[in-house]
Amino acid sequence: MAIQRMDNVGIVVEDMDAAIAFFVELGMELEGRAVAEGPVADQCTGLDGVRCDIAMVRTPDGHSRLELAKYHSPAVIGDGPRNRPHNILGTHRVMFAVDDLEDTVARLRPHGAELVGEIARFEDSYLLCYVRGPEGIIVGLAEQLR
């Protein structure tokens, strides 16, 4: 049996409104918000007493989504600094194709985005960069050159 698709990537955040604003500015669309709690949430996560706000944002083509979750209970566990380097084990970034990389970076800066390194040119194919967004999330941006 094969998978059908990748449905979403989940990200735990402390400031839901700031995270939504960041990803909407990036060009994603807010699909909806809800509260997750009760037996199904507990069973699925392996936690007891889950109560969290969730927001689903999707790419304009409708093929990719991020599920943002703000936990009220159990309490969020911090796992170290939010400015972790790119080469740490585990999920380290979410990457998006954009039309205009420099414009995208400029629009994201008021939402707290900071370049991790520099904007780099890969041959005559791509402009690439990583920005650190809300909650220290590293977001990759790629502009295909014509």
# chains A, B, ... in the order shown; residues from 1 in each chain; ligands from 1
call {"tool": "residues_around", "arguments": {"residues": "A:Ser64", "least_positions_apart": "6", "cutoff": "9 Å", "atoms": "only C-alpha atoms", "output": "PyMOL selection string"}}
result
chain A and resi 6-9+57-58
call {"tool": "write_last_selection", "arguments": {"atoms": "C-alpha atoms", "output": "tab-separated table (two decimals), in the first residue's frame"}}
result
chain	number	residue	atom	x	y	z
A	6	MET	CA	1.61	14.37	2.42
A	7	ASP	CA	-1.29	16.04	4.22
A	8	ASN	CA	0.47	18.61	6.43
A	9	VAL	CA	3.44	19.48	8.60
A	57	VAL	CA	-2.72	27.31	6.47
A	58	ARG	CA	-2.34	26.10	2.89
call {"tool": "select_by_dssp", "arguments": {"residues": "chain A", "states": "strand (DSSP E or B)", "output": "compact mmCIF listing (two decimals) with all heavy atoms, in the first residue's frame"}}
result
# COMPACT_ATOMS: atom_id res chain seq x y z
N VAL A 9 2.33 19.48 7.66
CA VAL A 9 3.44 19.48 8.60
C VAL A 9 2.96 20.25 9.82
O VAL A 9 2.39 21.35 9.68
CB VAL A 9 4.69 20.18 8.00
CG1 VAL A 9 5.79 20.33 9.04
CG2 VAL A 9 5.19 19.41 6.79
N GLY A 10 3.12 19.69 11.00
CA GLY A 10 2.67 20.34 12.22
C GLY A 10 3.79 21.10 12.90
O GLY A 10 4.91 20.62 12.98
N ILE A 11 3.44 22.30 13.38
CA ILE A 11 4.40 23.15 14.07
C ILE A 11 3.74 23.69 15.34
O ILE A 11 2.66 24.26 15.28
CB ILE A 11 4.83 24.34 13.17
CG1 ILE A 11 5.48 23.82 11.88
CG2 ILE A 11 5.78 25.26 13.94
CD1 ILE A 11 5.77 24.91 10.87
N VAL A 12 4.39 23.49 16.48
CA VAL A 12 3.89 24.01 17.75
C VAL A 12 4.41 25.44 17.92
O VAL A 12 5.61 25.69 17.76
CB VAL A 12 4.32 23.12 18.93
CG1 VAL A 12 3.88 23.72 20.26
CG2 VAL A 12 3.74 21.72 18.76
N GLU A 29 -2.73 30.69 2.72
CA GLU A 29 -4.10 31.09 3.01
C GLU A 29 -4.56 30.38 4.28
O GLU A 29 -4.32 29.18 4.44
CB GLU A 29 -5.01 30.71 1.85
CG GLU A 29 -4.59 31.36 0.54
CD GLU A 29 -5.26 30.74 -0.68
OE1 GLU A 29 -6.08 29.81 -0.53
OE2 GLU A 29 -4.93 31.19 -1.79
N LEU A 30 -5.21 31.13 5.17
CA LEU A 30 -5.76 30.53 6.38
C LEU A 30 -6.98 29.71 5.98
O LEU A 30 -7.95 30.23 5.46
CB LEU A 30 -6.16 31.61 7.39
CG LEU A 30 -6.78 31.11 8.69
CD1 LEU A 30 -5.80 30.20 9.45
CD2 LEU A 30 -7.21 32.29 9.55
N GLU A 31 -6.89 28.42 6.21
CA GLU A 31 -7.97 27.50 5.86
C GLU A 31 -9.01 27.43 6.97
O GLU A 31 -10.19 27.27 6.71
CB GLU A 31 -7.37 26.12 5.61
CG GLU A 31 -8.30 25.12 5.01
CD GLU A 31 -7.55 23.86 4.61
OE1 GLU A 31 -7.37 22.97 5.48
OE2 GLU A 31 -7.13 23.77 3.45
N GLY A 32 -8.56 27.55 8.23
CA GLY A 32 -9.49 27.51 9.34
C GLY A 32 -8.77 27.38 10.67
O GLY A 32 -7.58 27.10 10.73
N ARG A 33 -9.54 27.62 11.72
CA ARG A 33 -9.05 27.50 13.09
C ARG A 33 -10.03 26.64 13.87
O ARG A 33 -11.23 26.65 13.59
CB ARG A 33 -8.94 28.88 13.75
CG ARG A 33 -7.89 29.77 13.10
CD ARG A 33 -7.85 31.13 13.74
NE ARG A 33 -7.08 31.08 14.97
CZ ARG A 33 -6.45 32.14 15.50
NH1 ARG A 33 -6.51 33.31 14.91
NH2 ARG A 33 -5.76 32.02 16.61
N ALA A 34 -9.51 25.93 14.87
CA ALA A 34 -10.35 25.08 15.69
C ALA A 34 -9.65 24.82 17.01
O ALA A 34 -8.49 25.21 17.20
CB ALA A 34 -10.63 23.75 14.99
N VAL A 35 -10.34 24.15 17.90
CA VAL A 35 -9.76 23.70 19.17
C VAL A 35 -9.72 22.18 19.11
O VAL A 35 -10.70 21.54 18.74
CB VAL A 35 -10.60 24.17 20.37
CG1 VAL A 35 -10.07 23.58 21.66
CG2 VAL A 35 -10.62 25.70 20.44
N ALA A 36 -8.59 21.62 19.46
CA ALA A 36 -8.44 20.16 19.54
C ALA A 36 -8.36 19.78 21.02
O ALA A 36 -7.53 20.30 21.76
CB ALA A 36 -7.19 19.72 18.80
N GLU A 37 -9.26 18.89 21.42
CA GLU A 37 -9.26 18.42 22.80
C GLU A 37 -10.11 17.16 22.89
O GLU A 37 -10.81 16.81 21.95
CB GLU A 37 -9.81 19.49 23.75
CG GLU A 37 -11.23 19.90 23.49
CD GLU A 37 -11.68 21.06 24.38
OE1 GLU A 37 -11.08 21.26 25.44
OE2 GLU A 37 -12.63 21.74 24.00
N ARG A 51 -5.50 20.20 25.20
CA ARG A 51 -6.35 21.30 24.76
C ARG A 51 -5.44 22.25 24.01
O ARG A 51 -4.54 22.84 24.60
CB ARG A 51 -7.02 22.01 25.91
CG ARG A 51 -7.98 23.10 25.44
CD ARG A 51 -8.71 23.76 26.58
NE ARG A 51 -9.76 24.68 26.26
CZ ARG A 51 -9.81 25.56 25.27
NH1 ARG A 51 -8.86 25.64 24.40
NH2 ARG A 51 -10.83 26.39 25.11
N CYS A 52 -5.67 22.35 22.71
CA CYS A 52 -4.84 23.26 21.93
C CYS A 52 -5.65 23.90 20.81
O CYS A 52 -6.61 23.32 20.31
CB CYS A 52 -3.59 22.57 21.37
SG CYS A 52 -3.87 21.34 20.12
N ASP A 53 -5.26 25.13 20.52
CA ASP A 53 -5.82 25.83 19.36
C ASP A 53 -5.03 25.36 18.15
O ASP A 53 -3.80 25.23 18.22
CB ASP A 53 -5.65 27.34 19.51
CG ASP A 53 -6.39 27.91 20.71
OD1 ASP A 53 -7.44 27.35 21.06
OD2 ASP A 53 -5.90 28.90 21.28
N ILE A 54 -5.72 25.12 17.06
CA ILE A 54 -5.01 24.77 15.83
C ILE A 54 -5.48 25.70 14.71
O ILE A 54 -6.61 26.18 14.72
CB ILE A 54 -5.21 23.29 15.43
CG1 ILE A 54 -6.68 22.95 15.23
CG2 ILE A 54 -4.55 22.37 16.44
CD1 ILE A 54 -6.91 21.57 14.62
N ALA A 55 -4.58 25.95 13.80
CA ALA A 55 -4.90 26.72 12.60
C ALA A 55 -4.24 26.00 11.43
O ALA A 55 -3.09 25.55 11.53
CB ALA A 55 -4.37 28.14 12.70
N MET A 56 -4.96 25.87 10.35
CA MET A 56 -4.43 25.23 9.15
C MET A 56 -4.23 26.32 8.10
O MET A 56 -5.15 27.08 7.80
CB MET A 56 -5.40 24.17 8.64
CG MET A 56 -4.81 23.24 7.62
SD MET A 56 -3.58 22.10 8.29
CE MET A 56 -4.61 20.96 9.19
N VAL A 57 -3.01 26.40 7.58
CA VAL A 57 -2.72 27.31 6.47
C VAL A 57 -2.28 26.47 5.29
O VAL A 57 -1.63 25.44 5.45
CB VAL A 57 -1.65 28.37 6.84
CG1 VAL A 57 -2.18 29.36 7.88
CG2 VAL A 57 -0.36 27.74 7.34
N ARG A 58 -2.66 26.90 4.08
CA ARG A 58 -2.34 26.10 2.89
C ARG A 58 -1.71 26.99 1.83
O ARG A 58 -1.91 28.20 1.78
CB ARG A 58 -3.58 25.43 2.35
CG ARG A 58 -4.58 26.39 1.75
CD ARG A 58 -5.73 25.67 1.03
NE ARG A 58 -6.65 26.66 0.54
CZ ARG A 58 -7.79 27.00 1.13
NH1 ARG A 58 -8.15 26.42 2.24
NH2 ARG A 58 -8.55 27.94 0.61
N ARG A 65 0.05 22.00 3.26
CA ARG A 65 -0.52 22.69 4.40
C ARG A 65 0.41 22.59 5.61
O ARG A 65 1.16 21.63 5.74
CB ARG A 65 -1.87 22.09 4.77
CG ARG A 65 -2.86 22.18 3.64
CD ARG A 65 -4.25 21.71 3.98
NE ARG A 65 -4.28 20.41 4.62
CZ ARG A 65 -5.39 19.85 5.07
NH1 ARG A 65 -6.54 20.47 4.97
NH2 ARG A 65 -5.36 18.67 5.64
N LEU A 66 0.31 23.60 6.46
CA LEU A 66 0.95 23.59 7.77
C LEU A 66 -0.16 23.63 8.81
O LEU A 66 -1.12 24.40 8.68
CB LEU A 66 1.84 24.82 7.98
CG LEU A 66 3.03 25.01 7.06
CD1 LEU A 66 3.74 26.31 7.40
CD2 LEU A 66 3.99 23.84 7.18
N GLU A 67 -0.03 22.80 9.83
CA GLU A 67 -0.95 22.86 10.96
C GLU A 67 -0.20 23.50 12.11
O GLU A 67 0.79 22.96 12.60
CB GLU A 67 -1.42 21.46 11.37
CG GLU A 67 -2.37 21.50 12.55
CD GLU A 67 -2.79 20.11 12.99
OE1 GLU A 67 -3.70 19.54 12.37
OE2 GLU A 67 -2.16 19.61 13.94
N LEU A 68 -0.65 24.68 12.50
CA LEU A 68 -0.05 25.40 13.63
C LEU A 68 -0.82 25.04 14.88
O LEU A 68 -2.06 25.05 14.87
CB LEU A 68 -0.11 26.91 13.37
CG LEU A 68 0.48 27.37 12.03
CD1 LEU A 68 0.18 28.85 11.80
CD2 LEU A 68 1.97 27.08 11.96
N ALA A 69 -0.14 24.72 15.96
CA ALA A 69 -0.80 24.31 17.20
C ALA A 69 -0.26 25.11 18.37
O ALA A 69 0.96 25.21 18.55
CB ALA A 69 -0.59 22.82 17.45
N LYS A 70 -1.17 25.68 19.15
CA LYS A 70 -0.80 26.39 20.38
C LYS A 70 -1.41 25.61 21.54
O LYS A 70 -2.63 25.57 21.71
CB LYS A 70 -1.34 27.81 20.37
CG LYS A 70 -1.06 28.56 21.67
CD LYS A 70 -1.76 29.90 21.71
CE LYS A 70 -1.70 30.53 23.07
NZ LYS A 70 -0.44 31.16 23.38
N TYR A 71 -0.56 24.96 22.33
CA TYR A 71 -1.02 24.13 23.44
C TYR A 71 -1.34 24.98 24.67
O TYR A 71 -0.55 25.82 25.08
CB TYR A 71 0.04 23.09 23.82
CG TYR A 71 -0.02 21.87 22.95
CD1 TYR A 71 0.57 21.86 21.69
CD2 TYR A 71 -0.70 20.74 23.37
CE1 TYR A 71 0.50 20.74 20.88
CE2 TYR A 71 -0.78 19.61 22.57
CZ TYR A 71 -0.18 19.62 21.33
OH TYR A 71 -0.26 18.52 20.52
N HIS A 72 -2.52 24.72 25.24
CA HIS A 72 -2.89 25.29 26.53
C HIS A 72 -2.65 24.26 27.62
O HIS A 72 -2.27 24.61 28.73
CB HIS A 72 -4.36 25.74 26.52
CG HIS A 72 -4.62 26.80 25.50
ND1 HIS A 72 -4.23 28.11 25.66
CD2 HIS A 72 -5.21 26.74 24.28
CE1 HIS A 72 -4.58 28.81 24.59
NE2 HIS A 72 -5.17 28.00 23.74
N SER A 73 -2.89 22.98 27.30
CA SER A 73 -2.54 21.89 28.20
C SER A 73 -2.32 20.63 27.36
O SER A 73 -2.97 20.48 26.32
CB SER A 73 -3.62 21.65 29.26
OG SER A 73 -4.80 21.18 28.65
N VAL A 94 11.11 24.16 6.55
CA VAL A 94 10.04 23.98 5.59
C VAL A 94 10.42 24.88 4.43
O VAL A 94 10.83 26.02 4.64
CB VAL A 94 8.68 24.42 6.18
CG1 VAL A 94 7.58 24.29 5.16
CG2 VAL A 94 8.35 23.63 7.43
N MET A 95 10.34 24.39 3.19
CA MET A 95 10.81 25.18 2.03
C MET A 95 9.65 25.50 1.11
O MET A 95 8.78 24.66 0.87
CB MET A 95 11.86 24.40 1.25
CG MET A 95 12.53 25.19 0.15
SD MET A 95 14.28 25.08 0.43
CE MET A 95 14.93 26.30 -0.63
N PHE A 96 9.66 26.74 0.60
CA PHE A 96 8.63 27.21 -0.30
C PHE A 96 9.25 27.79 -1.56
O PHE A 96 10.27 28.48 -1.49
CB PHE A 96 7.79 28.31 0.36
CG PHE A 96 7.03 27.83 1.55
CD1 PHE A 96 7.53 28.00 2.84
CD2 PHE A 96 5.80 27.20 1.41
CE1 PHE A 96 6.84 27.56 3.94
CE2 PHE A 96 5.09 26.75 2.51
CZ PHE A 96 5.62 26.94 3.77
N ALA A 97 8.62 27.53 -2.69
CA ALA A 97 8.99 28.19 -3.95
C ALA A 97 8.27 29.53 -3.98
O ALA A 97 7.08 29.60 -3.67
CB ALA A 97 8.56 27.33 -5.14
N GLU A 114 14.36 36.87 9.91
CA GLU A 114 15.77 37.26 9.81
C GLU A 114 16.48 36.25 8.94
O GLU A 114 16.25 35.04 9.07
CB GLU A 114 16.43 37.26 11.19
CG GLU A 114 15.82 38.22 12.17
CD GLU A 114 16.45 38.10 13.55
OE1 GLU A 114 17.38 37.28 13.74
OE2 GLU A 114 16.01 38.82 14.45
N LEU A 115 17.34 36.71 8.05
CA LEU A 115 18.13 35.79 7.24
C LEU A 115 19.01 34.95 8.14
O LEU A 115 19.64 35.47 9.07
CB LEU A 115 18.99 36.54 6.23
CG LEU A 115 18.29 37.06 4.99
CD1 LEU A 115 19.23 37.98 4.19
CD2 LEU A 115 17.82 35.92 4.11
N ALA A 120 21.66 33.28 -1.68
CA ALA A 120 22.69 32.64 -2.50
C ALA A 120 22.13 32.32 -3.88
O ALA A 120 20.95 32.04 -4.04
CB ALA A 120 23.15 31.34 -1.82
N ARG A 121 23.01 32.36 -4.86
CA ARG A 121 22.62 32.03 -6.23
C ARG A 121 23.22 30.67 -6.58
O ARG A 121 24.43 30.48 -6.48
CB ARG A 121 23.14 33.10 -7.19
CG ARG A 121 22.73 32.87 -8.62
CD ARG A 121 23.34 33.96 -9.53
NE ARG A 121 22.75 33.89 -10.84
CZ ARG A 121 21.80 34.69 -11.29
NH1 ARG A 121 21.32 35.65 -10.52
NH2 ARG A 121 21.33 34.54 -12.51
N PHE A 122 22.37 29.72 -6.97
CA PHE A 122 22.83 28.42 -7.42
C PHE A 122 22.84 28.42 -8.94
O PHE A 122 21.78 28.39 -9.57
CB PHE A 122 21.93 27.30 -6.88
CG PHE A 122 22.31 25.94 -7.40
CD1 PHE A 122 23.48 25.33 -6.96
CD2 PHE A 122 21.52 25.29 -8.32
CE1 PHE A 122 23.84 24.07 -7.44
CE2 PHE A 122 21.87 24.04 -8.81
CZ PHE A 122 23.04 23.43 -8.37
N TYR A 126 18.62 29.01 -9.45
CA TYR A 126 17.83 29.42 -8.29
C TYR A 126 18.51 30.50 -7.47
O TYR A 126 19.74 30.52 -7.37
CB TYR A 126 17.60 28.24 -7.34
CG TYR A 126 16.63 27.21 -7.84
CD1 TYR A 126 17.07 26.09 -8.52
CD2 TYR A 126 15.26 27.36 -7.62
CE1 TYR A 126 16.18 25.14 -8.99
CE2 TYR A 126 14.36 26.41 -8.08
CZ TYR A 126 14.82 25.31 -8.76
OH TYR A 126 13.93 24.38 -9.21
N LEU A 127 17.70 31.34 -6.85
CA LEU A 127 18.11 32.14 -5.70
C LEU A 127 17.55 31.39 -4.50
O LEU A 127 16.38 30.95 -4.51
CB LEU A 127 17.53 33.55 -5.73
CG LEU A 127 18.10 34.50 -6.76
CD1 LEU A 127 17.39 35.86 -6.66
CD2 LEU A 127 19.60 34.68 -6.57
N LEU A 128 18.37 31.22 -3.46
CA LEU A 128 17.97 30.44 -2.29
C LEU A 128 18.33 31.19 -1.02
O LEU A 128 19.35 31.90 -0.97
CB LEU A 128 18.72 29.10 -2.27
CG LEU A 128 18.56 28.19 -3.48
CD1 LEU A 128 19.63 27.11 -3.47
CD2 LEU A 128 17.18 27.57 -3.47
N CYS A 129 17.53 31.01 0.01
CA CYS A 129 17.91 31.52 1.34
C CYS A 129 17.07 30.82 2.39
O CYS A 129 16.05 30.19 2.09
CB CYS A 129 17.75 33.03 1.45
SG CYS A 129 16.06 33.61 1.59
N TYR A 130 17.53 30.95 3.63
CA TYR A 130 16.77 30.50 4.78
C TYR A 130 16.51 31.73 5.65
O TYR A 130 17.40 32.55 5.86
CB TYR A 130 17.56 29.47 5.61
CG TYR A 130 17.81 28.16 4.90
CD1 TYR A 130 19.04 27.55 4.98
CD2 TYR A 130 16.80 27.53 4.18
CE1 TYR A 130 19.28 26.34 4.34
CE2 TYR A 130 17.04 26.32 3.55
CZ TYR A 130 18.27 25.74 3.63
OH TYR A 130 18.50 24.53 3.01
N VAL A 131 15.27 31.82 6.15
CA VAL A 131 14.95 32.85 7.12
C VAL A 131 14.44 32.16 8.38
O VAL A 131 13.87 31.08 8.31
CB VAL A 131 13.89 33.86 6.60
CG1 VAL A 131 14.41 34.63 5.41
CG2 VAL A 131 12.57 33.20 6.28
N ARG A 132 14.72 32.79 9.50
CA ARG A 132 14.19 32.30 10.76
C ARG A 132 12.91 33.07 11.01
O ARG A 132 12.90 34.29 11.06
CB ARG A 132 15.18 32.50 11.90
CG ARG A 132 14.82 31.73 13.14
CD ARG A 132 15.90 31.83 14.22
NE ARG A 132 17.23 31.47 13.77
CZ ARG A 132 17.68 30.22 13.59
NH1 ARG A 132 16.88 29.20 13.80
NH2 ARG A 132 18.91 29.99 13.18
N ILE A 138 12.82 27.62 10.84
CA ILE A 138 13.60 27.98 9.66
C ILE A 138 12.75 27.70 8.42
O ILE A 138 12.24 26.59 8.24
CB ILE A 138 14.93 27.20 9.59
CG1 ILE A 138 15.83 27.59 10.78
CG2 ILE A 138 15.64 27.49 8.26
CD1 ILE A 138 17.13 26.83 10.84
N VAL A 139 12.58 28.73 7.62
CA VAL A 139 11.78 28.64 6.40
C VAL A 139 12.73 28.85 5.22
O VAL A 139 13.43 29.87 5.16
CB VAL A 139 10.67 29.71 6.38
CG1 VAL A 139 9.93 29.71 5.06
CG2 VAL A 139 9.70 29.47 7.54
N GLY A 140 12.78 27.89 4.31
CA GLY A 140 13.58 28.00 3.11
C GLY A 140 12.76 28.66 2.01
O GLY A 140 11.56 28.41 1.89
N LEU A 141 13.41 29.50 1.23
CA LEU A 141 12.76 30.17 0.11
C LEU A 141 13.59 29.93 -1.14
O LEU A 141 14.83 30.02 -1.08
CB LEU A 141 12.65 31.68 0.37
CG LEU A 141 11.90 32.09 1.64
CD1 LEU A 141 12.04 33.58 1.88
CD2 LEU A 141 10.45 31.67 1.57
N ALA A 142 12.93 29.61 -2.23
CA ALA A 142 13.63 29.33 -3.50
C ALA A 142 12.91 30.04 -4.62
O ALA A 142 11.70 29.88 -4.80
CB ALA A 142 13.66 27.83 -3.77
N GLU A 143 13.65 30.85 -5.37
CA GLU A 143 13.12 31.50 -6.57
C GLU A 143 13.79 30.88 -7.79
O GLU A 143 15.02 30.96 -7.92
CB GLU A 143 13.40 33.00 -6.56
CG GLU A 143 12.97 33.72 -7.80
CD GLU A 143 13.41 35.17 -7.85
OE1 GLU A 143 13.76 35.76 -6.80
OE2 GLU A 143 13.41 35.73 -8.96
N GLN A 144 13.01 30.26 -8.63
CA GLN A 144 13.57 29.69 -9.85
C GLN A 144 13.83 30.82 -10.83
O GLN A 144 12.98 31.66 -11.09
CB GLN A 144 12.62 28.67 -10.48
CG GLN A 144 13.25 27.95 -11.64
CD GLN A 144 12.39 26.76 -12.11
OE1 GLN A 144 11.27 26.56 -11.65
NE2 GLN A 144 12.94 25.99 -13.01
call {"tool": "select_by_dssp", "arguments": {"residues": "chain A", "states": "helix (DSSP H, G or I)", "output": "JSON, numbers by chain"}}
result
{"A": [16, 17, 18, 19, 20, 21, 22, 23, 24, 25, 26, 39, 40, 41, 42, 43, 44, 45, 101, 102, 103, 104, 105, 106, 107, 108, 109, 110, 111, 134, 135, 136]}
call {"tool": "residues_around", "arguments": {"residues": "A:Asp103", "least_positions_apart": "2", "cutoff": "12 Å", "atoms": "only C-alpha atoms", "output": "ChimeraX atom specification"}}
result
/A:25-27,98-101,105-109,119,141,143
call {"tool": "write_last_selection", "arguments": {"atoms": "all heavy atoms", "output": "tab-separated table (two decimals), in the first residue's frame"}}
result
chain	number	residue	atom	x	y	z
A	25	GLU	N	1.48	36.32	5.20
A	25	GLU	CA	2.32	37.28	4.47
A	25	GLU	C	3.20	36.55	3.45
A	25	GLU	O	3.46	37.06	2.37
A	25	GLU	CB	3.19	38.09	5.42
A	25	GLU	CG	3.99	39.18	4.75
A	25	GLU	CD	3.13	40.24	4.09
A	25	GLU	OE1	2.11	40.65	4.68
A	25	GLU	OE2	3.47	40.67	2.96
A	26	LEU	N	3.61	35.36	3.78
A	26	LEU	CA	4.40	34.55	2.86
A	26	LEU	C	3.58	34.18	1.62
A	26	LEU	O	4.12	33.97	0.55
A	26	LEU	CB	4.89	33.28	3.56
A	26	LEU	CG	5.71	32.29	2.76
A	26	LEU	CD1	6.98	32.92	2.19
A	26	LEU	CD2	6.08	31.09	3.61
A	27	GLY	N	2.26	34.14	1.77
A	27	GLY	CA	1.40	33.83	0.64
A	27	GLY	C	0.47	32.65	0.88
A	27	GLY	O	-0.28	32.26	0.00
A	98	VAL	N	8.99	30.59	-4.33
A	98	VAL	CA	8.40	31.93	-4.37
A	98	VAL	C	8.70	32.57	-5.72
A	98	VAL	O	9.64	32.18	-6.41
A	98	VAL	CB	8.93	32.83	-3.22
A	98	VAL	CG1	8.55	32.25	-1.86
A	98	VAL	CG2	10.44	33.02	-3.30
A	99	ASP	N	7.89	33.58	-6.08
A	99	ASP	CA	8.09	34.29	-7.34
A	99	ASP	C	9.26	35.26	-7.27
A	99	ASP	O	10.01	35.40	-8.23
A	99	ASP	CB	6.83	35.08	-7.71
A	99	ASP	CG	5.68	34.17	-8.05
A	99	ASP	OD1	5.91	33.06	-8.54
A	99	ASP	OD2	4.53	34.59	-7.80
A	100	ASP	N	9.39	35.97	-6.14
A	100	ASP	CA	10.40	37.02	-5.99
A	100	ASP	C	10.98	36.90	-4.60
A	100	ASP	O	10.39	37.36	-3.63
A	100	ASP	CB	9.75	38.39	-6.22
A	100	ASP	CG	10.73	39.55	-6.17
A	100	ASP	OD1	11.77	39.44	-5.48
A	100	ASP	OD2	10.43	40.57	-6.81
A	101	LEU	N	12.15	36.29	-4.49
A	101	LEU	CA	12.75	35.99	-3.20
A	101	LEU	C	13.05	37.25	-2.41
A	101	LEU	O	12.71	37.34	-1.23
A	101	LEU	CB	14.02	35.16	-3.40
A	101	LEU	CG	14.64	34.62	-2.11
A	101	LEU	CD1	15.07	33.20	-2.30
A	101	LEU	CD2	15.80	35.48	-1.70
A	105	VAL	N	11.40	38.23	1.25
A	105	VAL	CA	12.19	38.48	2.46
A	105	VAL	C	11.84	39.85	3.04
A	105	VAL	O	11.62	40.00	4.24
A	105	VAL	CB	13.70	38.35	2.19
A	105	VAL	CG1	14.52	38.83	3.38
A	105	VAL	CG2	14.07	36.91	1.85
A	106	ALA	N	11.75	40.85	2.19
A	106	ALA	CA	11.42	42.21	2.64
A	106	ALA	C	10.04	42.25	3.30
A	106	ALA	O	9.85	42.91	4.33
A	106	ALA	CB	11.49	43.19	1.47
A	107	ARG	N	9.07	41.54	2.74
A	107	ARG	CA	7.72	41.52	3.31
A	107	ARG	C	7.66	40.75	4.63
A	107	ARG	O	6.84	41.06	5.50
A	107	ARG	CB	6.72	40.91	2.32
A	107	ARG	CG	6.41	41.81	1.15
A	107	ARG	CD	5.31	41.26	0.23
A	107	ARG	NE	5.63	39.97	-0.37
A	107	ARG	CZ	5.15	38.79	0.02
A	107	ARG	NH1	4.29	38.71	0.99
A	107	ARG	NH2	5.53	37.68	-0.59
A	108	LEU	N	8.54	39.76	4.79
A	108	LEU	CA	8.53	38.95	6.01
A	108	LEU	C	9.28	39.59	7.17
A	108	LEU	O	9.02	39.28	8.33
A	108	LEU	CB	9.10	37.56	5.73
A	108	LEU	CG	8.26	36.67	4.82
A	108	LEU	CD1	9.00	35.37	4.54
A	108	LEU	CD2	6.88	36.40	5.41
A	109	ARG	N	10.20	40.50	6.87
A	109	ARG	CA	11.00	41.14	7.94
A	109	ARG	C	10.14	41.81	9.01
A	109	ARG	O	10.41	41.65	10.20
A	109	ARG	CB	12.01	42.12	7.36
A	109	ARG	CG	13.20	41.43	6.73
A	109	ARG	CD	14.26	42.44	6.28
A	109	ARG	NE	15.22	41.85	5.41
A	109	ARG	CZ	16.38	41.34	5.79
A	109	ARG	NH1	16.72	41.37	7.06
A	109	ARG	NH2	17.21	40.82	4.91
A	119	ILE	N	21.39	35.47	0.94
A	119	ILE	CA	20.73	35.03	-0.28
A	119	ILE	C	21.83	34.50	-1.20
A	119	ILE	O	22.83	35.18	-1.43
A	119	ILE	CB	19.94	36.18	-0.94
A	119	ILE	CG1	18.78	36.58	-0.01
A	119	ILE	CG2	19.43	35.77	-2.31
A	119	ILE	CD1	18.00	37.80	-0.48
A	141	LEU	N	13.41	29.50	1.23
A	141	LEU	CA	12.76	30.17	0.11
A	141	LEU	C	13.59	29.93	-1.14
A	141	LEU	O	14.83	30.02	-1.08
A	141	LEU	CB	12.65	31.68	0.37
A	141	LEU	CG	11.90	32.09	1.64
A	141	LEU	CD1	12.04	33.58	1.88
A	141	LEU	CD2	10.45	31.67	1.57
A	143	GLU	N	13.65	30.85	-5.37
A	143	GLU	CA	13.12	31.50	-6.57
A	143	GLU	C	13.79	30.88	-7.79
A	143	GLU	O	15.02	30.96	-7.92
A	143	GLU	CB	13.40	33.00	-6.56
A	143	GLU	CG	12.97	33.72	-7.80
A	143	GLU	CD	13.41	35.17	-7.85
A	143	GLU	OE1	13.76	35.76	-6.80
A	143	GLU	OE2	13.41	35.73	-8.96
call {"tool": "residues_around", "arguments": {"residues": "A:Gly49", "least_positions_apart": "5", "cutoff": "9 Å", "atoms": "only C-alpha atoms", "output": "ChimeraX atom specification"}}
result
/A:37-39,41-42,73-74
call {"tool": "write_last_selection", "arguments": {"atoms": "all heavy atoms", "output": "CSV table (one decimal), in the first residue's frame"}}
result
chain,number,residue,atom,x,y,z
A,37,GLU,N,-9.3,18.9,21.4
A,37,GLU,CA,-9.3,18.4,22.8
A,37,GLU,C,-10.1,17.2,22.9
A,37,GLU,O,-10.8,16.8,21.9
A,37,GLU,CB,-9.8,19.5,23.7
A,37,GLU,CG,-11.2,19.9,23.5
A,37,GLU,CD,-11.7,21.1,24.4
A,37,GLU,OE1,-11.1,21.3,25.4
A,37,GLU,OE2,-12.6,21.7,24.0
A,38,GLY,N,-10.0,16.5,24.0
A,38,GLY,CA,-10.8,15.3,24.2
A,38,GLY,C,-10.1,14.0,24.0
A,38,GLY,O,-8.9,14.0,23.7
A,39,PRO,N,-10.8,12.9,24.1
A,39,PRO,CA,-10.2,11.6,24.0
A,39,PRO,C,-9.4,11.3,22.7
A,39,PRO,O,-8.3,10.7,22.7
A,39,PRO,CB,-11.4,10.6,24.1
A,39,PRO,CG,-12.4,11.4,24.8
A,39,PRO,CD,-12.2,12.8,24.4
A,41,ALA,N,-7.9,13.5,20.7
A,41,ALA,CA,-6.6,14.3,20.8
A,41,ALA,C,-5.6,13.6,21.7
A,41,ALA,O,-4.4,13.6,21.4
A,41,ALA,CB,-6.9,15.7,21.2
A,42,ASP,N,-6.1,13.2,22.9
A,42,ASP,CA,-5.2,12.5,23.8
A,42,ASP,C,-4.6,11.2,23.2
A,42,ASP,O,-3.4,10.9,23.3
A,42,ASP,CB,-6.0,12.2,25.1
A,42,ASP,CG,-6.3,13.4,26.0
A,42,ASP,OD1,-6.0,14.5,25.6
A,42,ASP,OD2,-6.9,13.2,27.0
A,73,SER,N,-2.9,23.0,27.3
A,73,SER,CA,-2.5,21.9,28.2
A,73,SER,C,-2.3,20.6,27.4
A,73,SER,O,-3.0,20.5,26.3
A,73,SER,CB,-3.6,21.7,29.3
A,73,SER,OG,-4.8,21.2,28.7
A,74,PRO,N,-1.4,19.8,27.8
A,74,PRO,CA,-0.4,20.1,28.8
A,74,PRO,C,0.5,21.2,28.3
A,74,PRO,O,0.5,21.6,27.2
A,74,PRO,CB,0.4,18.8,28.9
A,74,PRO,CG,0.1,18.0,27.6
A,74,PRO,CD,-1.2,18.5,27.1
